[in-house]
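What's in start35.cif: mmCIF, C-alpha atoms
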```cif
data_start
loop_
_atom_site.label_atom_id
_atom_site.label_comp_id
_atom_site.auth_asym_id
_atom_site.auth_seq_id
_atom_site.Cartn_x
_atom_site.Cartn_y
_atom_site.Cartn_z
CA PHE R 1 38.87 104.60 105.34
CA SER R 2 39.97 108.19 105.59
CA ALA R 3 41.90 108.77 102.40
CA TRP R 4 41.77 107.81 98.76
CA TYR R 5 44.67 107.59 96.36
CA CYS R 6 43.31 109.45 93.34
CA HIS R 7 45.15 110.46 90.20
CA TRP R 8 42.96 113.35 89.23
CA ALA R 9 42.05 113.58 85.55
CA ASP R 10 44.22 116.64 85.17
CA TRP R 11 45.78 115.38 81.94
CA TRP R 12 42.49 114.31 80.40
CA GLY R 13 40.95 116.21 77.50
CA ASP R 14 41.89 119.59 76.14
CA TYR R 15 42.21 121.26 79.51
CA GLN R 16 43.36 124.61 78.16
CA LYS R 17 40.18 125.03 76.12
CA ASN R 18 37.65 123.44 78.46
CA LYS R 19 38.64 124.33 82.00
CA GLU R 20 35.11 124.26 83.38
CA GLY R 21 34.45 120.87 81.83
CA LEU R 22 37.52 119.49 83.52
CA ARG R 23 36.53 121.05 86.85
CA GLU R 24 33.22 119.23 86.55
CA THR R 25 35.05 115.96 85.85
CA ILE R 26 37.19 116.41 88.94
CA ARG R 27 34.18 117.42 91.03
CA LYS R 28 32.45 114.15 90.11
CA GLN R 29 35.56 112.21 91.05
CA ILE R 30 35.65 113.81 94.48
CA LEU R 31 31.97 113.18 95.16
CA PHE R 32 31.67 109.63 93.77
CA PRO R 33 33.13 107.86 96.87
CA PHE R 34 30.65 109.65 99.14
CA LYS R 35 27.85 107.55 97.63
CA TYR R 36 29.46 104.55 99.31
CA ARG R 37 30.38 106.41 102.52
CA PHE R 38 34.07 106.67 101.76
CA ASN R 39 36.31 109.71 101.90
CA SER R 40 38.04 111.42 99.02
CA ASN R 41 40.32 113.77 100.88
CA GLU R 42 43.69 113.43 99.20
CA LEU R 43 44.84 116.59 97.44
CA ASN R 44 47.20 115.36 94.74
CA PRO R 45 47.50 118.20 92.19
CA TRP R 46 49.82 116.63 89.63
CA PRO R 47 51.15 119.25 87.23
CA TYR R 48 50.05 117.75 83.91
CA GLY R 49 47.72 120.58 83.01
CA MET R 50 46.62 121.33 86.55
CA PRO R 51 48.41 124.72 86.66
CA PHE R 52 46.13 125.81 83.80
CA VAL R 53 42.98 124.70 85.58
CA PHE R 54 43.71 124.69 89.31
CA ARG R 55 46.84 126.67 89.93
CA LEU R 56 47.05 126.75 93.72
CA GLY R 57 49.91 129.20 94.23
CA ASN R 58 53.32 130.41 93.12
CA ILE R 59 56.71 129.29 94.44
CA THR R 60 59.37 131.70 93.29
CA GLY R 61 62.91 132.74 94.20
CA ASN R 62 66.42 131.38 93.96
CA PRO R 63 67.38 128.03 95.52
CA GLY R 64 67.52 128.47 99.28
CA GLU R 65 65.32 131.59 99.09
CA ARG R 66 62.09 130.26 97.59
CA THR R 67 58.77 131.50 98.97
CA PHE R 68 55.06 130.79 98.50
CA THR R 69 52.44 133.34 97.43
CA GLN R 70 48.89 133.26 96.06
CA THR R 71 46.77 135.45 93.83
CA PRO R 72 43.06 135.90 94.63
CA GLU R 73 42.23 133.39 91.88
CA GLN R 74 44.61 130.83 93.36
CA ILE R 75 43.11 131.31 96.80
CA ALA R 76 39.70 130.62 95.27
CA ASN R 77 41.06 127.51 93.56
CA PHE R 78 42.43 126.16 96.84
CA ASP R 79 39.13 126.95 98.59
CA TRP R 80 37.27 125.08 95.83
CA TRP R 81 39.09 121.86 96.65
CA ILE R 82 38.59 122.22 100.39
CA GLU R 83 34.90 123.06 100.04
CA HIS R 84 34.33 119.90 98.01
CA PHE R 85 36.32 117.72 100.39
CA LYS R 86 34.26 119.12 103.28
CA LYS R 87 31.03 117.99 101.65
CA ASP R 88 31.97 114.76 103.38
CA PRO R 89 30.93 115.33 107.03
CA GLU R 90 33.69 112.97 108.18
CA CYS R 91 36.52 114.87 106.47
CA ARG R 92 38.77 115.40 109.48
CA PHE R 93 42.03 115.95 107.59
CA ILE R 94 43.44 116.63 104.13
CA LEU R 95 46.26 114.38 102.94
CA LEU R 96 48.40 116.82 100.96
CA MET R 97 50.82 115.30 98.46
CA ALA R 98 53.53 117.88 99.05
CA ARG R 99 55.76 117.45 96.01
CA PRO R 100 52.94 117.42 93.43
CA PHE R 101 51.58 120.50 95.21
CA PHE R 102 54.96 122.23 94.87
CA MET R 103 55.11 121.29 91.19
CA ASN R 104 51.64 122.72 90.72
CA CYS R 105 52.98 125.98 92.11
CA GLY R 106 56.01 126.06 89.82
CA TRP R 107 58.75 124.31 91.80
CA ASN R 108 59.93 120.89 90.66
CA ASN R 109 60.94 119.60 94.10
CA LYS R 110 61.56 116.05 92.93
CA PHE R 111 60.65 112.80 94.61
CA PHE R 112 63.71 110.97 95.88
CA GLU R 113 63.51 108.23 93.25
CA SER R 114 63.54 110.89 90.50
CA ARG R 115 66.71 112.58 91.75
CA SER R 116 70.10 111.93 90.23
CA PRO R 117 72.91 110.81 92.56
CA GLU R 118 74.23 114.36 92.52
CA GLU R 119 70.80 115.80 93.37
CA ARG R 120 70.41 113.33 96.21
CA LYS R 121 73.76 114.36 97.62
CA ASN R 122 73.31 118.11 97.27
CA CYS R 123 69.80 118.69 98.61
CA GLU R 124 70.42 121.15 101.44
CA LEU R 125 68.98 124.17 99.63
CA ASP R 126 65.90 122.16 98.69
CA LEU R 127 65.41 121.16 102.33
CA LYS R 128 65.82 124.78 103.42
CA ASP R 129 63.13 125.86 100.94
CA THR R 130 60.96 122.91 101.96
CA GLU R 131 60.93 124.10 105.55
CA ARG R 132 60.06 127.70 104.68
CA ILE R 133 57.28 126.81 102.24
CA THR R 134 55.79 124.08 104.43
CA ARG R 135 55.58 126.58 107.28
CA GLN R 136 53.94 129.21 105.05
CA VAL R 137 51.35 126.85 103.59
CA ASP R 138 50.54 125.11 106.87
CA GLN R 139 50.01 128.46 108.59
CA MET R 140 47.81 129.62 105.72
CA CYS R 141 45.64 126.50 106.05
CA LYS R 142 45.26 126.99 109.80
CA GLU R 143 44.29 130.64 109.39
CA ARG R 144 41.57 129.64 106.92
CA ASN R 145 40.24 126.92 109.22
CA TYR R 146 40.85 124.14 106.72
CA PRO R 147 40.81 120.57 108.07
CA GLU R 148 44.15 119.52 109.51
CA ILE R 149 46.84 119.07 106.84
CA TYR R 150 48.79 115.79 106.84
CA TRP R 151 52.05 116.48 105.00
CA TYR R 152 52.78 113.49 102.77
CA TYR R 153 56.29 113.99 101.37
CA GLU R 154 57.54 110.45 100.83
CA GLY R 155 55.73 107.16 100.33
CA GLU R 156 56.82 103.52 100.36
CA ILE R 157 60.21 104.70 101.50
CA ASP R 158 61.87 101.26 101.41
CA ASN R 159 61.59 101.26 97.62
CA CYS R 160 64.97 102.98 97.13
CA GLY R 161 66.88 101.66 100.13
CA ILE R 162 68.38 103.25 103.19
CA GLU R 163 69.14 106.60 101.54
CA HIS R 164 65.47 107.07 100.71
CA VAL R 165 64.49 106.28 104.29
CA LYS R 166 67.02 108.78 105.63
CA PHE R 167 65.79 111.44 103.21
CA ALA R 168 62.21 110.85 104.34
CA LEU R 169 63.27 111.20 107.97
CA ARG R 170 64.85 114.59 107.25
CA ASN R 171 61.55 115.77 105.74
CA ALA R 172 59.71 114.48 108.80
CA GLU R 173 62.05 116.47 111.04
CA ILE R 174 61.19 119.61 109.09
CA VAL R 175 57.44 119.06 109.31
CA ASN R 176 57.54 118.24 113.02
CA ARG R 177 59.86 121.14 113.83
CA ILE R 178 57.45 123.74 112.46
CA GLY R 179 54.49 122.25 114.33
CA ALA R 180 52.83 120.63 111.32
CA THR R 181 51.65 117.02 110.94
CA SER R 182 53.93 114.45 109.29
CA PHE R 183 52.60 111.39 107.43
CA VAL R 184 54.32 108.46 105.72
CA THR R 185 53.51 105.14 104.09
CA ILE R 186 55.99 102.30 104.63
CA ASN R 187 56.51 98.91 103.05
CA GLY R 188 59.76 97.33 104.23
CA PRO R 189 62.14 96.43 107.07
CA LEU R 190 64.19 99.66 107.04
CA ALA R 191 61.21 101.91 107.65
CA TYR R 192 59.84 99.32 110.09
CA LYS R 193 62.71 100.27 112.39
CA MET R 194 63.19 103.95 111.56
CA ALA R 195 59.77 105.46 110.82
CA PRO R 196 57.79 104.88 114.09
CA PRO R 197 59.60 107.55 116.15
CA ALA R 198 59.77 110.09 113.33
CA PHE R 199 56.29 110.45 111.84
CA LYS R 200 53.05 111.43 113.55
CA HIS R 201 51.12 109.08 111.30
CA VAL R 202 52.74 105.83 110.10
CA TRP R 203 50.59 103.82 107.69
CA ALA R 204 52.10 100.45 106.75
CA ASN R 205 51.39 97.70 104.26
CA PRO R 206 51.84 93.98 105.09
CA ALA R 207 55.27 93.79 103.42
CA THR R 208 56.70 96.00 106.20
CA PRO R 209 55.53 93.72 107.94
CA ILE R 210 52.60 94.75 110.10
CA ASP R 211 52.83 92.99 113.44
CA GLU R 212 52.17 93.62 117.10
CA GLU R 213 55.67 95.00 117.64
CA LEU R 214 55.36 97.61 114.90
CA ILE R 215 52.02 98.88 116.20
CA ALA R 216 53.30 98.96 119.79
CA THR R 217 56.43 100.87 118.78
CA ILE R 218 54.43 103.48 116.90
CA LYS R 219 52.15 103.98 119.90
CA LYS R 220 55.08 104.07 122.32
CA HIS R 221 56.32 107.21 120.59
CA GLY R 222 52.89 108.84 120.79
CA ASN R 223 52.22 108.39 117.08
CA LYS R 224 49.36 106.71 115.21
CA PHE R 225 49.24 103.56 113.13
CA GLY R 226 47.27 103.21 109.91
CA SER R 227 46.94 100.72 107.10
CA HIS R 228 48.35 101.25 103.61
CA ASN R 229 47.67 98.90 100.69
CA SER R 230 46.56 96.19 103.08
CA GLY R 231 44.57 94.25 100.50
CA ASP R 232 41.39 94.16 98.48
CA SER R 233 39.38 91.53 100.36
CA ARG R 234 36.42 92.14 102.66
CA PHE R 235 38.32 90.60 105.56
CA GLN R 236 41.30 92.92 105.10
CA ALA R 237 39.00 95.93 104.89
CA GLY R 238 36.93 95.01 107.91
CA PHE R 239 37.63 92.60 110.73
CA TRP R 240 41.40 92.66 110.18
CA LEU R 241 41.46 96.46 110.19
CA TRP R 242 39.41 96.51 113.40
CA ARG R 243 41.85 94.06 115.00
CA THR R 244 44.85 96.33 114.34
CA GLY R 245 43.22 99.42 115.85
CA ALA R 246 44.29 101.38 112.77
CA GLU R 247 43.14 104.99 112.50
CA GLY R 248 42.45 104.65 108.77
CA LYS R 249 43.04 102.73 105.57
CA TYR R 250 44.83 104.20 102.55
CA GLN R 251 44.33 101.85 99.62
CA GLU R 252 46.29 102.46 96.45
CA THR R 253 43.56 101.36 94.11
CA THR R 254 42.18 104.05 91.94
CA PHE R 255 39.05 105.39 90.39
CA CYS R 256 40.67 107.32 87.63
CA TYR R 257 42.92 104.83 85.92
CA ALA R 258 39.84 103.14 84.52
CA ASP R 259 37.87 106.23 83.67
CA TYR R 260 40.34 108.54 82.08
CA MET R 261 43.30 106.53 80.85
CA LEU R 262 41.68 104.06 78.48
CA PRO R 263 42.98 101.71 77.16
CA TYR R 264 45.51 101.61 80.00
CA CYS R 265 42.83 100.51 82.44
CA LEU R 266 42.88 97.15 80.66
CA LEU R 267 46.40 96.45 81.86
CA PRO R 268 46.24 93.71 84.53
CA TRP R 269 47.13 95.75 87.61
CA ASN R 270 44.92 98.72 86.75
CA TYR R 271 42.03 96.57 85.63
CA ASN R 272 42.17 94.32 88.68
CA THR R 273 42.43 97.10 91.26
CA SER R 274 40.34 99.96 89.89
CA LEU R 275 37.46 100.88 92.14
CA SER R 276 35.19 102.01 89.34
CA TYR R 277 34.72 101.58 85.62
CA PRO R 278 33.21 103.85 82.99
CA ASP R 279 29.42 103.70 82.86
CA PRO R 280 28.32 104.25 79.23
CA GLU R 281 24.69 104.70 80.26
CA THR R 282 25.27 107.66 82.56
CA GLN R 283 28.67 108.87 81.29
CA GLY R 284 29.69 108.52 84.92
CA GLN R 285 31.19 105.76 87.04
CA ARG R 286 30.11 102.29 88.09
CA PRO R 287 31.56 100.60 91.20
CA SER R 288 33.80 97.57 90.83
CA LEU R 289 33.69 94.46 92.99
CA GLN R 290 36.72 95.79 94.87
CA LEU R 291 34.77 98.86 95.96
CA LEU R 292 31.85 96.70 97.08
CA ASN R 293 34.31 94.51 99.02
CA TYR R 294 35.59 97.61 100.78
CA ARG R 295 32.07 98.75 101.52
CA ASP R 296 31.10 95.39 103.04
CA GLY R 297 34.34 95.26 105.02
CA ARG R 298 33.84 98.80 106.25
CA ASP R 299 30.39 97.82 107.48
CA ASP R 300 31.85 94.78 109.28
CA TYR R 301 34.22 97.19 111.01
CA LEU R 302 31.28 99.42 111.96
CA TYR R 303 29.47 96.46 113.53
CA CYS R 304 32.45 95.99 115.87
CA HIS R 305 32.72 99.71 116.51
CA THR R 306 29.01 99.98 117.29
CA LEU R 307 29.29 97.14 119.79
CA GLU R 308 32.25 98.84 121.47
CA GLN R 309 30.30 102.11 121.74
CA ALA R 310 27.31 100.29 123.21
CA MET R 311 29.62 98.76 125.84
CA LYS R 312 30.85 102.23 126.82
CA ARG R 313 27.25 103.21 127.58
CA SER R 314 26.61 100.10 129.66
CA SER R 315 27.56 98.98 133.14
CA PRO R 316 30.49 96.52 133.24
CA GLU R 317 28.60 94.65 135.94
CA THR R 318 25.85 93.43 133.62
CA LYS R 319 25.73 89.99 132.04
CA GLU R 320 25.27 91.58 128.59
CA TYR R 321 28.45 93.60 128.99
CA GLN R 322 30.48 90.58 130.03
CA MET R 323 29.17 88.56 127.07
CA ALA R 324 30.13 91.33 124.66
CA LYS R 325 33.56 91.69 126.24
CA GLN R 326 34.23 87.97 125.97
CA PHE R 327 33.06 87.87 122.36
CA LEU R 328 35.35 90.71 121.27
CA SER R 329 38.26 89.14 123.13
CA ASP R 330 37.67 85.81 121.37
CA LEU R 331 37.26 87.54 118.01
CA ALA R 332 40.52 89.46 118.42
CA ALA R 333 42.32 86.24 119.34
CA ARG R 334 41.15 84.62 116.10
CA ILE R 335 42.59 87.38 113.89
CA HIS R 336 46.29 87.50 113.10
CA VAL R 337 47.67 91.05 112.88
CA ASP R 338 50.42 89.80 110.57
CA GLN R 339 48.60 89.17 107.29
CA ARG R 340 51.30 86.81 106.08
CA LYS R 341 49.43 84.17 108.08
CA TYR R 342 46.64 84.43 105.51
CA HIS R 343 48.51 84.97 102.24
CA LEU R 344 48.44 82.14 99.72
CA THR R 345 50.97 83.97 97.54
CA LYS R 346 53.94 86.16 98.32
CA PHE R 347 52.89 89.73 99.07
CA ASP R 348 54.23 92.32 96.63
CA GLY R 349 55.37 95.31 98.68
CA ILE R 350 55.16 97.72 95.75
CA GLU R 351 52.01 96.57 93.99
CA ALA R 352 50.48 95.57 97.33
CA THR R 353 48.75 92.41 96.17
CA ALA R 354 48.45 88.86 97.48
CA VAL R 355 45.78 86.19 97.43
CA VAL R 356 44.16 85.69 100.85
CA SER R 357 42.88 82.35 102.12
CA THR R 358 39.09 82.17 102.48
CA ASP R 359 39.02 78.94 104.50
CA GLU R 360 37.90 80.78 107.63
CA TRP R 361 37.09 84.31 106.53
CA ASN R 362 34.39 83.98 103.89
CA GLY R 363 30.86 85.17 103.20
CA PHE R 364 29.28 82.63 105.53
CA SER R 365 31.49 83.50 108.52
CA PHE R 366 31.10 87.25 107.91
CA GLU R 367 27.32 87.02 108.12
CA ARG R 368 27.47 84.80 111.21
CA TYR R 369 29.71 87.30 112.97
CA ARG R 370 27.44 90.17 111.99
CA TRP R 371 24.42 88.32 113.37
CA LYS R 372 26.23 87.63 116.64
CA ILE R 373 27.44 91.23 117.00
CA ALA R 374 23.96 92.59 116.26
CA THR R 375 22.51 90.28 118.91
CA LEU R 376 25.01 91.54 121.48
CA ILE R 377 24.29 95.17 120.63
CA MET R 378 20.58 94.61 121.06
CA GLY R 379 21.22 92.92 124.41
CA LEU R 380 23.23 95.86 125.66
CA GLU R 381 20.55 98.27 124.53
CA GLY R 382 17.80 96.24 126.15
CA LYS R 383 16.09 95.33 122.88
CA LYS R 384 14.45 92.03 122.04
#
```
Taking this structure as input, can you express it in the form of C-alpha cells?
Amino acid sequence: FSAWYCHWADWWGDYQKNKEGLRETIRKQILFPFKYRFNSNELNPWPYGMPFVFRLGNITGNPGERTFTQTPEQIANFDWWIEHFKKDPECRFILLMARPFFMNCGWNNKFFESRSPEERKNCELDLKDTERITRQVDQMCKERNYPEIYWYYEGEIDNCGIEHVKFALRNAEIVNRIGATSFVTINGPLAYKMAPPAFKHVWANPATPIDEELIATIKKHGNKFGSHNSGDSRFQAGFWLWRTGAEGKYQETTFCYADYMLPYCLLPWNYNTSLSYPDPETQGQRPSLQLLNYRDGRDDYLYCHTLEQAMKRSSPETKEYQMAKQFLSDLAARIHVDQRKYHLTKFDGIEATAVVSTDEWNGFSFERYRWKIATLIMGLEGKK
C-alpha cells in the first residue's frame, strides 16, 4: 500500500482568509493514514484554491516555450509537502499528479478527456512544453534529494478509447526519454496490450484484466506491476495482493469525500468507499470498515512476507524450510490471480467495485492461515 488517492481539501472553507487553518486541515489528512501504517504520498494539488495556499511554482511563456520557475515561498511550499510525506519512514516515492501540478502552477494542461477534438488533434506544442517542464521539475526534485518522483500523467486510459491510450503512450515516451519515472493506471483491454512495454510502473485493476500473462509481460519489459482499484475486501488487500507479487496497491477510495464535501459523502459510491468519516467528538476523522479491511489484509500480506524473509535466513536443507516452501506453494495455487474467478457481480472498470465471494476467503480461513504461517515462522526461527 504505497499510495493513497486523496482529493485534498483545497476547496474547503474560506481558503483566502484562513490559509493556516487550511494547511492544518491538509496536514491532518496527510498524517491520518500513518496511524494505520498506510502511506499518504500522492501529491495531487488541484487548483481550486490551492494556488492561494500552496502555490508550488510558476509555468509561464508562450505555447511551445513554457518554462517552470519558483519563488522562495514556492520552494518552501513544495518542501512542506515533502517533509510531511517523509514523516512516513516507508515513503520511498512521491506519486505526482502531473496535470493538477501544472494547473497549480498556472498552466491548464488538460487531461485527455477534457480536451476538445481539436485540442486532441493539435497537441504538439503541449507535448513539447510537457517535456521541458517535466525535465526541469524532475531535476529539481533530484537535486533536493526528494523521494523518487513517479510521473502520473494519465489514469484509467481505456476510459476514452484508443486515442487516449496513444496519448498516454506519448507522455510515457517523454518521461522515459528524460530519465524520469513513468507511472500509469490501466483498466481495459487496449492498455492491457499497449502499456506494459511503455511505462516503468503499470498498476492495473481487475477489469483490465489482471492475469498471469499481463504480469509476465510487464516483467518481461523490465517494468513493475502494481494493483489499482483491486477491491475493498480483506482478501483483495492481503492474500490476493501477495499472490500477484505487486509492488503496491493504489486504491481509489478516499478520505476527503466524507470529511469535506458533505452532504456529497452520502451519495452511494462516496459513502460506501470512503476510508474515514467525520468524528464529531474530536473534530477529526474516524476509520471506516473499508480502512479496517485494508489494515487486516495488509497484515495478512505481512504474515506471508515475514515467512518469506525467515526462509531467506534459513538453510533450504532443513525440514522447517521445506515445510514453509510447500505451504506457500500450496497457498499460491489456491489463489486465482484473475479476480473474476471470485466476483459475484460484474466488475465496474471505472468505479472499481464488485462483490467478492466469501465461500472460501472469510474471517475463519484468514485466521487459520495466520495461525499456520505464524507456526511456520516460529519453526524457522527455532522457537517453541
Expected selection from the PyMOL selection byres ((chain R and resi 184-186) around 9), given as a PyMOL selection string:
chain R and resi 151-158+168+172+182-183+187-192+195+199-205+207-208+226-228+250
For the contact check between stretch 140-208 of chain R and stretch 66-82 of chain R, emit one row per residue of stretch 140-208 of chain R within 12 Å, containing the shortest atom pair and the distance in Å rounded to one decimal, counting all atoms listed in the file, chain then rising number order, as JSON lines.
```
{"residue": "R:Met140", "atom": "CA", "partner": "R:Thr69", "partner_atom": "CA", "distance": 10.2}
{"residue": "R:Cys141", "atom": "CA", "partner": "R:Phe78", "partner_atom": "CA", "distance": 9.8}
{"residue": "R:Arg144", "atom": "CA", "partner": "R:Asp79", "partner_atom": "CA", "distance": 9.1}
{"residue": "R:Asn145", "atom": "CA", "partner": "R:Ile82", "partner_atom": "CA", "distance": 10.1}
{"residue": "R:Tyr146", "atom": "CA", "partner": "R:Ile82", "partner_atom": "CA", "distance": 7.0}
{"residue": "R:Pro147", "atom": "CA", "partner": "R:Ile82", "partner_atom": "CA", "distance": 8.2}
{"residue": "R:Glu148", "atom": "CA", "partner": "R:Ile82", "partner_atom": "CA", "distance": 11.0}
{"residue": "R:Ile149", "atom": "CA", "partner": "R:Ile82", "partner_atom": "CA", "distance": 10.9}
```
Given the file shown, enumerate the residues that the PyMOL selection byres ((chain R and resi 294) around 8) captures and present them as a PyMOL selection string.
chain R and resi 232-234+237-238+290-293+295-298
Next, dump the selected residues to file, keeping only C-alpha atoms, as a PDB file, keeping the file's coordinate frame.
```
ATOM      1  CA  ASP R 232      41.390  94.160  98.480  1.00  0.00           C
ATOM      2  CA  SER R 233      39.380  91.530 100.360  1.00  0.00           C
ATOM      3  CA  ARG R 234      36.420  92.140 102.660  1.00  0.00           C
ATOM      4  CA  ALA R 237      39.000  95.930 104.890  1.00  0.00           C
ATOM      5  CA  GLY R 238      36.930  95.010 107.910  1.00  0.00           C
ATOM      6  CA  GLN R 290      36.720  95.790  94.870  1.00  0.00           C
ATOM      7  CA  LEU R 291      34.770  98.860  95.960  1.00  0.00           C
ATOM      8  CA  LEU R 292      31.850  96.700  97.080  1.00  0.00           C
ATOM      9  CA  ASN R 293      34.310  94.510  99.020  1.00  0.00           C
ATOM     10  CA  ARG R 295      32.070  98.750 101.520  1.00  0.00           C
ATOM     11  CA  ASP R 296      31.100  95.390 103.040  1.00  0.00           C
ATOM     12  CA  GLY R 297      34.340  95.260 105.020  1.00  0.00           C
ATOM     13  CA  ARG R 298      33.840  98.800 106.250  1.00  0.00           C
TER      14      ARG R 298
END
```
Residue nearest R:Arg243 among R:Val337, R:Val175, R:Ala324, R:Ala198 (counting all atoms listed in the file)
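With all atoms listed in the file as the atom set, the closest residue is R:Val337.
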For R:Ser114, which residue among R:Asn229, R:Met311, R:Arg368, R:His164 is the nearest when counting only C-alpha atoms?
R:His164
Selection near R:Ile373, 8 Å with all atoms listed in the file, sequence-local residues under 4 positions removed, as a PDB file with C-alpha atoms, in the frame of the given file:
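The result, written out as around-v7.pdb:
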```pdb
ATOM      1  CA  TYR R 303      29.470  96.460 113.530  1.00  0.00           C
ATOM      2  CA  CYS R 304      32.450  95.990 115.870  1.00  0.00           C
ATOM      3  CA  LEU R 307      29.290  97.140 119.790  1.00  0.00           C
ATOM      4  CA  TYR R 369      29.710  87.300 112.970  1.00  0.00           C
ATOM      5  CA  ILE R 377      24.290  95.170 120.630  1.00  0.00           C
TER       6      ILE R 377
END
```
With all atoms listed in the file counted, which protein, DNA or RNA residues have an atom no more than 10 Å from (33.5, 112.2, 99.6) in the file frame? Please answer as a ChimeraX atom specification.
/R:2-4,28-41,84-91
For atom CA of R:Gly21 and atom CA of R:Arg55, determine how far apart the two atoms are, in Å to one decimal place.
15.9 Å
Using all atoms listed in the file, find all polymer residues with an atom at most 10 Å away from the point (55.3, 124.2, 103.8); report them as a list in words.
Thr67, Phe68, Ala98, Phe102, Asp129, Thr130, Glu131, Arg132, Ile133, Thr134, Arg135, Gln136, Val137, Asp138, Gln139, Met140, Trp151, Ile174, Val175, Ile178 and Ala180 of chain R
Any idea what's packed within 8 Å of stretch 325-335 of chain R, counting all atoms listed in the file, ignoring anything in its chain fewer than 4 positions away? Could you give it as a ChimeraX atom specification?
/R:239-240,243,321
For the residues in the current selection, export C-alpha atoms as a compact mmCIF listing (two decimals), in the coordinates of the input.
```txt
# COMPACT_ATOMS: atom_id res chain seq x y z
CA PHE R 239 37.63 92.60 110.73
CA TRP R 240 41.40 92.66 110.18
CA ARG R 243 41.85 94.06 115.00
CA TYR R 321 28.45 93.60 128.99
```
Using all atoms listed in the file, determine which residues lie at most 10 Å from R:Glu163, disregarding the query and same-chain residues fewer than 6 positions distant; provide the list as a list in words.
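In the requested form, the answer reads Phe112, Arg120, Lys121, Ile157 and Leu169 of chain R.
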I need the residue nearest R:Leu96 from this list: R:Phe54, R:Tyr150, R:Tyr342, R:Phe366. Use all atoms listed in the file for the distance.
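Once distances to R:Leu96 are computed over all atoms listed in the file, the minimum belongs to R:Tyr150.
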Could you jot down the atom CA of R:Gln236 to atom CA of R:Leu275 separation for me, Å, one decimal place?
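For atom CA of R:Gln236 relative to atom CA of R:Leu275, the distance reads 15.7 Å.
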